[in-house]
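Enquirer: One file is attached below, final.cif, containing mmCIF, N, CA, C and O atoms.
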data_protein
loop_
_atom_site.label_atom_id
_atom_site.label_comp_id
_atom_site.auth_asym_id
_atom_site.auth_seq_id
_atom_site.Cartn_x
_atom_site.Cartn_y
_atom_site.Cartn_z
N MET A 2 -8.12 -12.68 -1.25
CA MET A 2 -8.40 -11.29 -1.53
C MET A 2 -7.10 -10.52 -1.81
O MET A 2 -7.06 -9.69 -2.71
N LEU A 3 -6.05 -10.80 -1.02
CA LEU A 3 -4.77 -10.14 -1.26
C LEU A 3 -4.14 -10.57 -2.58
O LEU A 3 -3.50 -9.78 -3.26
N ARG A 4 -4.35 -11.84 -2.94
CA ARG A 4 -3.81 -12.30 -4.22
C ARG A 4 -4.47 -11.57 -5.39
O ARG A 4 -3.82 -11.28 -6.39
N LYS A 5 -5.76 -11.24 -5.27
CA LYS A 5 -6.43 -10.47 -6.32
C LYS A 5 -5.89 -9.04 -6.35
O LYS A 5 -5.73 -8.47 -7.43
N LEU A 6 -5.63 -8.48 -5.19
CA LEU A 6 -5.12 -7.12 -5.12
C LEU A 6 -3.74 -7.01 -5.78
O LEU A 6 -3.46 -6.06 -6.50
N PHE A 7 -2.89 -8.01 -5.54
CA PHE A 7 -1.53 -7.98 -6.08
C PHE A 7 -1.37 -8.82 -7.34
O PHE A 7 -0.25 -9.15 -7.74
N ALA A 8 -2.47 -9.14 -7.99
CA ALA A 8 -2.43 -9.94 -9.22
C ALA A 8 -1.56 -9.33 -10.32
O ALA A 8 -0.86 -10.06 -11.03
N PRO A 9 -1.52 -7.99 -10.50
CA PRO A 9 -0.64 -7.46 -11.55
C PRO A 9 0.84 -7.77 -11.31
O PRO A 9 1.62 -7.85 -12.26
N ILE A 10 1.23 -7.96 -10.07
CA ILE A 10 2.62 -8.32 -9.77
C ILE A 10 2.81 -9.83 -9.89
O ILE A 10 3.81 -10.30 -10.43
N LEU A 11 1.86 -10.60 -9.39
CA LEU A 11 2.01 -12.05 -9.33
C LEU A 11 1.76 -12.76 -10.65
O LEU A 11 2.44 -13.74 -10.96
N ARG A 12 0.81 -12.28 -11.44
CA ARG A 12 0.42 -12.98 -12.67
C ARG A 12 1.59 -13.23 -13.63
O ARG A 12 1.76 -14.36 -14.10
N PRO A 13 2.43 -12.23 -13.94
CA PRO A 13 3.53 -12.52 -14.88
C PRO A 13 4.55 -13.51 -14.33
O PRO A 13 5.20 -14.22 -15.10
N LEU A 14 4.68 -13.58 -13.03
CA LEU A 14 5.68 -14.47 -12.44
C LEU A 14 5.19 -15.89 -12.26
O LEU A 14 5.98 -16.81 -12.05
N GLU A 15 3.89 -16.10 -12.31
CA GLU A 15 3.34 -17.42 -12.02
C GLU A 15 3.06 -18.26 -13.25
O GLU A 15 2.46 -19.32 -13.14
N SER A 16 3.48 -17.82 -14.41
CA SER A 16 3.30 -18.65 -15.60
C SER A 16 4.57 -19.47 -15.81
O SER A 16 5.67 -19.03 -15.53
N GLY A 17 4.41 -20.67 -16.26
CA GLY A 17 5.56 -21.54 -16.50
C GLY A 17 5.62 -22.64 -15.47
O GLY A 17 4.62 -23.05 -14.89
N GLU A 18 6.83 -23.13 -15.25
CA GLU A 18 7.00 -24.23 -14.30
C GLU A 18 8.15 -23.92 -13.35
O GLU A 18 8.96 -23.04 -13.59
N ILE A 19 8.21 -24.67 -12.28
CA ILE A 19 9.22 -24.46 -11.24
C ILE A 19 10.59 -24.78 -11.81
O ILE A 19 10.78 -25.78 -12.50
N GLY A 20 11.56 -23.92 -11.51
CA GLY A 20 12.92 -24.14 -11.96
C GLY A 20 13.54 -25.37 -11.33
O GLY A 20 13.11 -25.83 -10.27
N PRO A 21 14.57 -25.92 -11.96
CA PRO A 21 15.16 -27.17 -11.48
C PRO A 21 15.90 -27.04 -10.14
O PRO A 21 16.07 -28.02 -9.43
N SER A 22 16.33 -25.84 -9.79
CA SER A 22 17.10 -25.69 -8.56
C SER A 22 16.30 -25.05 -7.43
O SER A 22 16.87 -24.58 -6.46
N TYR A 23 14.97 -25.05 -7.53
CA TYR A 23 14.14 -24.42 -6.50
C TYR A 23 14.18 -25.21 -5.21
O TYR A 23 14.10 -26.43 -5.21
N LYS A 24 14.33 -24.48 -4.09
CA LYS A 24 14.29 -25.09 -2.76
C LYS A 24 13.31 -24.27 -1.92
O LYS A 24 13.19 -23.06 -2.10
N PRO A 25 12.62 -24.90 -0.99
CA PRO A 25 11.69 -24.15 -0.12
C PRO A 25 12.36 -23.03 0.68
O PRO A 25 11.73 -22.05 1.03
N SER A 26 13.65 -23.17 0.94
CA SER A 26 14.36 -22.12 1.69
C SER A 26 14.47 -20.83 0.89
O SER A 26 14.66 -19.75 1.47
N HIS A 27 14.32 -20.89 -0.42
CA HIS A 27 14.38 -19.69 -1.25
C HIS A 27 13.26 -18.72 -0.88
O HIS A 27 13.45 -17.51 -0.93
N ARG A 28 12.11 -19.24 -0.51
CA ARG A 28 10.98 -18.39 -0.11
C ARG A 28 11.33 -17.64 1.18
O ARG A 28 11.09 -16.44 1.31
N THR A 29 11.92 -18.34 2.14
CA THR A 29 12.31 -17.73 3.41
C THR A 29 13.35 -16.64 3.19
O THR A 29 13.27 -15.55 3.77
N ILE A 30 14.33 -16.94 2.36
CA ILE A 30 15.38 -15.97 2.08
C ILE A 30 14.81 -14.75 1.35
O ILE A 30 15.19 -13.61 1.62
N LEU A 31 13.87 -14.98 0.44
CA LEU A 31 13.23 -13.88 -0.28
C LEU A 31 12.49 -12.95 0.67
O LEU A 31 12.55 -11.73 0.56
N LYS A 32 11.80 -13.53 1.65
CA LYS A 32 11.11 -12.72 2.66
C LYS A 32 12.11 -11.91 3.49
O LYS A 32 11.88 -10.74 3.78
N ALA A 33 13.23 -12.54 3.87
CA ALA A 33 14.23 -11.85 4.68
C ALA A 33 14.86 -10.71 3.89
O ALA A 33 15.05 -9.60 4.42
N VAL A 34 15.17 -10.94 2.63
CA VAL A 34 15.74 -9.90 1.79
C VAL A 34 14.75 -8.76 1.59
O VAL A 34 15.12 -7.58 1.63
N GLY A 35 13.48 -9.10 1.42
CA GLY A 35 12.45 -8.08 1.29
C GLY A 35 12.35 -7.21 2.54
O GLY A 35 12.24 -5.99 2.46
N ALA A 36 12.42 -7.85 3.70
CA ALA A 36 12.38 -7.09 4.96
C ALA A 36 13.59 -6.19 5.10
O ALA A 36 13.47 -5.04 5.54
N LEU A 37 14.76 -6.68 4.70
CA LEU A 37 15.97 -5.85 4.76
C LEU A 37 15.87 -4.64 3.83
O LEU A 37 16.29 -3.54 4.19
N PHE A 38 15.32 -4.84 2.65
CA PHE A 38 15.15 -3.71 1.74
C PHE A 38 14.14 -2.70 2.28
O PHE A 38 14.30 -1.50 2.07
N LEU A 39 13.12 -3.17 2.98
CA LEU A 39 12.18 -2.24 3.59
C LEU A 39 12.85 -1.44 4.71
O LEU A 39 12.57 -0.25 4.87
N VAL A 40 13.74 -2.08 5.46
CA VAL A 40 14.50 -1.36 6.49
C VAL A 40 15.39 -0.31 5.83
O VAL A 40 15.47 0.83 6.30
N LEU A 41 16.05 -0.68 4.73
CA LEU A 41 16.87 0.29 4.00
C LEU A 41 16.02 1.45 3.50
O LEU A 41 16.46 2.61 3.51
N SER A 42 14.81 1.15 3.07
CA SER A 42 13.91 2.21 2.61
C SER A 42 13.58 3.17 3.74
O SER A 42 13.57 4.39 3.55
N MET A 43 13.30 2.63 4.92
CA MET A 43 12.98 3.49 6.06
C MET A 43 14.19 4.33 6.49
O MET A 43 14.05 5.51 6.84
N LEU A 44 15.39 3.74 6.43
CA LEU A 44 16.60 4.50 6.75
C LEU A 44 16.83 5.61 5.73
O LEU A 44 17.23 6.72 6.09
N SER A 45 16.58 5.31 4.48
CA SER A 45 16.71 6.32 3.43
C SER A 45 15.68 7.42 3.61
O SER A 45 15.97 8.60 3.37
N LEU A 46 14.48 7.06 4.04
CA LEU A 46 13.45 8.05 4.30
C LEU A 46 13.86 8.95 5.46
O LEU A 46 13.67 10.17 5.41
N ALA A 47 14.47 8.36 6.49
CA ALA A 47 14.95 9.17 7.62
C ALA A 47 16.04 10.13 7.15
O ALA A 47 16.08 11.30 7.57
N ALA A 48 16.92 9.66 6.27
CA ALA A 48 17.97 10.53 5.73
C ALA A 48 17.37 11.64 4.88
O ALA A 48 17.83 12.78 4.92
N LEU A 49 16.32 11.31 4.14
CA LEU A 49 15.63 12.31 3.33
C LEU A 49 15.04 13.40 4.22
O LEU A 49 15.19 14.59 3.93
N ILE A 50 14.40 13.00 5.28
CA ILE A 50 13.79 13.97 6.19
C ILE A 50 14.86 14.80 6.88
O ILE A 50 14.73 16.01 7.03
N TYR A 51 15.95 14.13 7.29
CA TYR A 51 17.01 14.82 8.01
C TYR A 51 17.74 15.84 7.13
O TYR A 51 17.99 16.96 7.53
N THR A 52 18.07 15.44 5.90
CA THR A 52 18.85 16.32 5.02
C THR A 52 17.97 17.27 4.20
O THR A 52 18.42 18.35 3.83
N GLY A 53 16.77 16.85 3.89
CA GLY A 53 15.90 17.68 3.07
C GLY A 53 16.27 17.67 1.60
O GLY A 53 15.72 18.44 0.81
N GLN A 54 17.18 16.80 1.19
CA GLN A 54 17.61 16.71 -0.20
C GLN A 54 16.62 15.84 -0.98
O GLN A 54 16.37 14.69 -0.63
N SER A 55 16.08 16.38 -2.04
CA SER A 55 15.08 15.63 -2.80
C SER A 55 15.70 14.45 -3.55
O SER A 55 14.99 13.52 -3.92
N GLY A 56 17.00 14.46 -3.76
CA GLY A 56 17.67 13.34 -4.41
C GLY A 56 17.64 12.08 -3.58
O GLY A 56 17.82 10.98 -4.11
N ALA A 57 17.42 12.21 -2.29
CA ALA A 57 17.34 11.04 -1.42
C ALA A 57 16.03 10.29 -1.60
O ALA A 57 15.85 9.21 -1.03
N LEU A 58 15.13 10.82 -2.40
CA LEU A 58 13.86 10.15 -2.66
C LEU A 58 14.05 8.93 -3.58
O LEU A 58 13.30 7.96 -3.47
N ILE A 59 15.06 8.97 -4.42
CA ILE A 59 15.31 7.86 -5.36
C ILE A 59 15.58 6.55 -4.61
O ILE A 59 14.95 5.53 -4.90
N PRO A 60 16.52 6.52 -3.64
CA PRO A 60 16.72 5.26 -2.92
C PRO A 60 15.48 4.80 -2.14
O PRO A 60 15.23 3.61 -2.03
N VAL A 61 14.73 5.74 -1.63
CA VAL A 61 13.51 5.37 -0.89
C VAL A 61 12.57 4.61 -1.82
O VAL A 61 12.07 3.53 -1.47
N VAL A 62 12.34 5.13 -3.00
CA VAL A 62 11.41 4.51 -3.95
C VAL A 62 11.95 3.16 -4.44
O VAL A 62 11.22 2.16 -4.49
N VAL A 63 13.24 3.11 -4.76
CA VAL A 63 13.83 1.87 -5.26
C VAL A 63 13.81 0.78 -4.20
O VAL A 63 13.38 -0.35 -4.45
N PHE A 64 14.29 1.10 -2.99
CA PHE A 64 14.31 0.10 -1.92
C PHE A 64 12.91 -0.33 -1.52
O PHE A 64 12.67 -1.51 -1.23
N LEU A 65 11.97 0.59 -1.51
CA LEU A 65 10.58 0.26 -1.18
C LEU A 65 9.99 -0.66 -2.24
O LEU A 65 9.28 -1.62 -1.92
N GLY A 66 10.27 -0.38 -3.50
CA GLY A 66 9.76 -1.23 -4.58
C GLY A 66 10.33 -2.64 -4.53
O GLY A 66 9.59 -3.62 -4.62
N ILE A 67 11.64 -2.74 -4.37
CA ILE A 67 12.28 -4.06 -4.32
C ILE A 67 11.80 -4.83 -3.09
O ILE A 67 11.47 -6.02 -3.18
N GLY A 68 11.77 -4.16 -1.94
CA GLY A 68 11.33 -4.83 -0.72
C GLY A 68 9.87 -5.25 -0.79
O GLY A 68 9.51 -6.34 -0.36
N GLY A 69 9.03 -4.38 -1.34
CA GLY A 69 7.61 -4.71 -1.46
C GLY A 69 7.36 -5.89 -2.37
O GLY A 69 6.62 -6.82 -2.02
N VAL A 70 7.99 -5.88 -3.53
CA VAL A 70 7.81 -7.00 -4.47
C VAL A 70 8.34 -8.30 -3.87
O VAL A 70 7.71 -9.35 -3.98
N SER A 71 9.49 -8.23 -3.20
CA SER A 71 10.05 -9.43 -2.59
C SER A 71 9.12 -10.00 -1.53
O SER A 71 8.90 -11.21 -1.47
N LEU A 72 8.57 -9.15 -0.69
CA LEU A 72 7.66 -9.64 0.35
C LEU A 72 6.35 -10.14 -0.23
O LEU A 72 5.81 -11.15 0.23
N ILE A 73 5.84 -9.48 -1.25
CA ILE A 73 4.59 -9.93 -1.88
C ILE A 73 4.78 -11.30 -2.51
O ILE A 73 3.99 -12.21 -2.29
N VAL A 74 5.85 -11.46 -3.28
CA VAL A 74 6.09 -12.75 -3.93
C VAL A 74 6.43 -13.82 -2.89
O VAL A 74 5.99 -14.96 -2.99
N GLY A 75 7.20 -13.45 -1.87
CA GLY A 75 7.58 -14.42 -0.86
C GLY A 75 6.42 -14.91 -0.02
O GLY A 75 6.40 -16.07 0.39
N THR A 76 5.44 -14.06 0.23
CA THR A 76 4.31 -14.47 1.07
C THR A 76 3.12 -14.96 0.28
O THR A 76 2.47 -15.94 0.68
N LEU A 77 2.81 -14.32 -0.84
CA LEU A 77 1.59 -14.66 -1.58
C LEU A 77 1.84 -15.46 -2.85
O LEU A 77 0.92 -16.08 -3.38
N GLY A 78 3.05 -15.42 -3.35
CA GLY A 78 3.33 -16.05 -4.64
C GLY A 78 3.45 -17.56 -4.56
O GLY A 78 3.70 -18.14 -3.51
N SER A 79 3.26 -18.18 -5.71
CA SER A 79 3.41 -19.63 -5.80
C SER A 79 4.89 -20.00 -5.87
O SER A 79 5.76 -19.13 -5.95
N ASP A 80 5.17 -21.30 -5.84
CA ASP A 80 6.55 -21.76 -5.95
C ASP A 80 7.15 -21.35 -7.29
O ASP A 80 8.35 -21.09 -7.39
N VAL A 81 6.32 -21.29 -8.33
CA VAL A 81 6.80 -20.88 -9.65
C VAL A 81 7.28 -19.42 -9.61
O VAL A 81 8.33 -19.09 -10.15
N ALA A 82 6.52 -18.56 -8.95
CA ALA A 82 6.89 -17.14 -8.86
C ALA A 82 8.20 -16.97 -8.10
O ALA A 82 9.07 -16.20 -8.51
N VAL A 83 8.35 -17.69 -6.99
CA VAL A 83 9.59 -17.61 -6.21
C VAL A 83 10.75 -18.13 -7.04
O VAL A 83 11.84 -17.55 -7.05
N SER A 84 10.52 -19.20 -7.77
CA SER A 84 11.57 -19.76 -8.62
C SER A 84 11.99 -18.78 -9.71
O SER A 84 13.17 -18.67 -10.03
N LYS A 85 11.03 -18.05 -10.28
CA LYS A 85 11.36 -17.06 -11.31
C LYS A 85 12.14 -15.89 -10.74
O LYS A 85 13.00 -15.34 -11.41
N ILE A 86 11.82 -15.47 -9.51
CA ILE A 86 12.57 -14.39 -8.89
C ILE A 86 14.02 -14.82 -8.72
O ILE A 86 14.95 -14.05 -8.98
N TRP A 87 14.25 -16.04 -8.28
CA TRP A 87 15.61 -16.54 -8.08
C TRP A 87 16.30 -16.85 -9.40
O TRP A 87 17.53 -16.81 -9.46
N GLY A 88 15.57 -17.20 -10.41
CA GLY A 88 16.17 -17.56 -11.69
C GLY A 88 16.45 -19.04 -11.73
O GLY A 88 16.35 -19.76 -10.74
N ASN A 89 16.83 -19.52 -12.88
CA ASN A 89 17.08 -20.96 -13.07
C ASN A 89 18.56 -21.26 -13.04
O ASN A 89 19.13 -21.81 -13.97
N ARG A 90 19.20 -20.89 -11.96
CA ARG A 90 20.64 -21.14 -11.84
C ARG A 90 20.89 -22.41 -11.07
O ARG A 90 20.25 -22.83 -10.22
#
Step by step, read the file and then write its structure as structure tokens.

Expert:
Amino acid sequence: MLRKLFAPILRPLESGEIGPSYKPSHRTILKAVGALFLVLSMLSLAALIYTGQSGALIPVVVFLGIGGVSLIVGTLGSDVAVSKIWGNR
């Protein structure tokens, strides 16, 4: 059910084949990076509330987007999607 909900994010990343340098640890690292970006988003939100500056909304949105996509792909995505996030390096 969650895969259907997040299909617009997962579908473009799941076409193709697994990159040559893919390792299962890449999924774990992607989840950790996603969690760190969500923490940064919450810290930015606290700064936004504290300062009241509307310009602080930009980092909140960016960090929330990066963290959300990373966690979605890391938890629900296939190995191909994780490989595409990391690239074929």

Enquirer: Point out the residue among A:Gly56, A:Gly68, A:Gly78, A:Gly35 with the least atom-to-atom distance to Leu14 in chain A, counting only N, CA, C and O atoms.

Expert: A:Gly78

Enquirer: If you count only N, CA, C and O atoms, which residues fall within 8 Å of range 36-52 of chain A, apart from same-chain ones fewer than 4 positions away, as a VMD selection string?

Expert: chain A and resid 29 to 32 56 to 69 71 to 72

Enquirer: Taking into account only C-alpha atoms, which residue in the set A:Ala82, A:Ile10, A:Gly75, A:Lys5 is nearest to Arg28 in chain A?

Expert: A:Gly75

Enquirer: In Å, with one decimal, what is the gap from atom N of His27 in chain A to atom O of Val74 in chain A?

Expert: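 Value for the atom N of His27 in chain A-atom O of Val74 in chain A distance: 10.5 Å.
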
Enquirer: For atom C of Leu6 in chain A and atom N of Pro21 in chain A, quote the distance in Å rounded to one decimal.

Expert: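 Between atom C of Leu6 in chain A and atom N of Pro21 in chain A the gap works out to 27.0 Å.
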
Enquirer: Distance atom C of Pro9 in chain A-atom C of Ala33 in chain A, one decimal place?

Expert: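 According to the coordinates, atom C of Pro9 in chain A and atom C of Ala33 in chain A are separated by 20.9 Å.
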
Enquirer: I need the residue set behind the PyMOL selection byres ((chain A and resi 19) around 6) for this file; please write it as a VMD selection string.

Expert: chain A and resid 17 to 18 20 to 21 80 to 81 84

Enquirer: Name all residues at most 10 Å from Phe7 in chain A (count only C-alpha atoms; drop same-chain ones fewer than 5 positions away) and give them as a list in words.

Expert: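 The filter keeps Met2, Arg12, Val70, Ile73, Val74, Leu77 and Gly78 of chain A.
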
Enquirer: With all atoms of range 11-26 of chain A from the file as input, state the centre and edge lengths in Å to one decimal of the axis-aligned box that has 3 Å extra on each side, as lines of an AutoDock Vina configuration file.

Expert:
center_x = 8.8
center_y = -19.3
center_z = -7.4
size_x = 22.7
size_y = 23.4
size_z = 24.2

Enquirer: Could range 20-31 of chain A be completed with all heavy atoms and returned as a compact mmCIF listing (two decimals), in the coordinates of the input?

Expert:
# COMPACT_ATOMS: atom_id res chain seq x y z
N GLY A 20 11.56 -23.92 -11.51
CA GLY A 20 12.92 -24.14 -11.96
C GLY A 20 13.54 -25.37 -11.33
O GLY A 20 13.11 -25.83 -10.27
N PRO A 21 14.57 -25.92 -11.96
CA PRO A 21 15.16 -27.17 -11.48
C PRO A 21 15.90 -27.04 -10.14
O PRO A 21 16.07 -28.02 -9.43
CB PRO A 21 16.14 -27.56 -12.59
CG PRO A 21 16.43 -26.28 -13.29
CD PRO A 21 15.21 -25.43 -13.16
N SER A 22 16.33 -25.84 -9.79
CA SER A 22 17.10 -25.69 -8.56
C SER A 22 16.30 -25.05 -7.43
O SER A 22 16.87 -24.58 -6.46
CB SER A 22 18.35 -24.85 -8.84
OG SER A 22 17.96 -23.55 -9.23
N TYR A 23 14.97 -25.05 -7.53
CA TYR A 23 14.14 -24.42 -6.50
C TYR A 23 14.18 -25.21 -5.21
O TYR A 23 14.10 -26.43 -5.21
CB TYR A 23 12.69 -24.31 -6.98
CG TYR A 23 11.76 -23.83 -5.89
CD1 TYR A 23 11.73 -22.50 -5.52
CD2 TYR A 23 10.95 -24.72 -5.21
CE1 TYR A 23 10.91 -22.05 -4.50
CE2 TYR A 23 10.11 -24.28 -4.20
CZ TYR A 23 10.10 -22.95 -3.84
OH TYR A 23 9.30 -22.52 -2.84
N LYS A 24 14.33 -24.48 -4.09
CA LYS A 24 14.29 -25.09 -2.76
C LYS A 24 13.31 -24.27 -1.92
O LYS A 24 13.19 -23.06 -2.10
CB LYS A 24 15.66 -25.05 -2.11
CG LYS A 24 16.70 -25.85 -2.84
CD LYS A 24 18.05 -25.69 -2.20
CE LYS A 24 19.10 -26.36 -3.07
NZ LYS A 24 20.44 -26.00 -2.68
N PRO A 25 12.62 -24.90 -0.99
CA PRO A 25 11.69 -24.15 -0.12
C PRO A 25 12.36 -23.03 0.68
O PRO A 25 11.73 -22.05 1.03
CB PRO A 25 11.12 -25.23 0.81
CG PRO A 25 11.27 -26.51 0.04
CD PRO A 25 12.52 -26.33 -0.77
N SER A 26 13.65 -23.17 0.94
CA SER A 26 14.36 -22.12 1.69
C SER A 26 14.47 -20.83 0.89
O SER A 26 14.66 -19.75 1.47
CB SER A 26 15.75 -22.60 2.09
OG SER A 26 16.55 -22.83 0.95
N HIS A 27 14.32 -20.89 -0.42
CA HIS A 27 14.38 -19.69 -1.25
C HIS A 27 13.26 -18.72 -0.88
O HIS A 27 13.45 -17.51 -0.93
CB HIS A 27 14.28 -20.05 -2.73
CG HIS A 27 15.51 -20.71 -3.26
ND1 HIS A 27 15.53 -21.35 -4.48
CD2 HIS A 27 16.75 -20.87 -2.76
CE1 HIS A 27 16.72 -21.85 -4.71
NE2 HIS A 27 17.48 -21.58 -3.65
N ARG A 28 12.11 -19.24 -0.51
CA ARG A 28 10.98 -18.39 -0.11
C ARG A 28 11.33 -17.64 1.18
O ARG A 28 11.09 -16.44 1.31
CB ARG A 28 9.73 -19.23 0.08
CG ARG A 28 8.51 -18.43 0.47
CD ARG A 28 7.28 -19.31 0.61
NE ARG A 28 6.95 -20.04 -0.59
CZ ARG A 28 6.19 -19.55 -1.58
NH1 ARG A 28 5.71 -18.34 -1.50
NH2 ARG A 28 5.94 -20.27 -2.65
N THR A 29 11.92 -18.34 2.14
CA THR A 29 12.31 -17.73 3.41
C THR A 29 13.35 -16.64 3.19
O THR A 29 13.27 -15.55 3.77
CB THR A 29 12.84 -18.80 4.37
OG1 THR A 29 11.86 -19.83 4.51
CG2 THR A 29 13.17 -18.22 5.72
N ILE A 30 14.33 -16.94 2.36
CA ILE A 30 15.38 -15.97 2.08
C ILE A 30 14.81 -14.75 1.35
O ILE A 30 15.19 -13.61 1.62
CB ILE A 30 16.52 -16.63 1.27
CG1 ILE A 30 17.19 -17.70 2.11
CG2 ILE A 30 17.54 -15.60 0.81
CD1 ILE A 30 18.14 -18.60 1.34
N LEU A 31 13.87 -14.98 0.44
CA LEU A 31 13.23 -13.88 -0.28
C LEU A 31 12.49 -12.95 0.67
O LEU A 31 12.55 -11.73 0.56
CB LEU A 31 12.29 -14.43 -1.35
CG LEU A 31 11.68 -13.43 -2.31
CD1 LEU A 31 12.76 -12.73 -3.12
CD2 LEU A 31 10.71 -14.13 -3.24
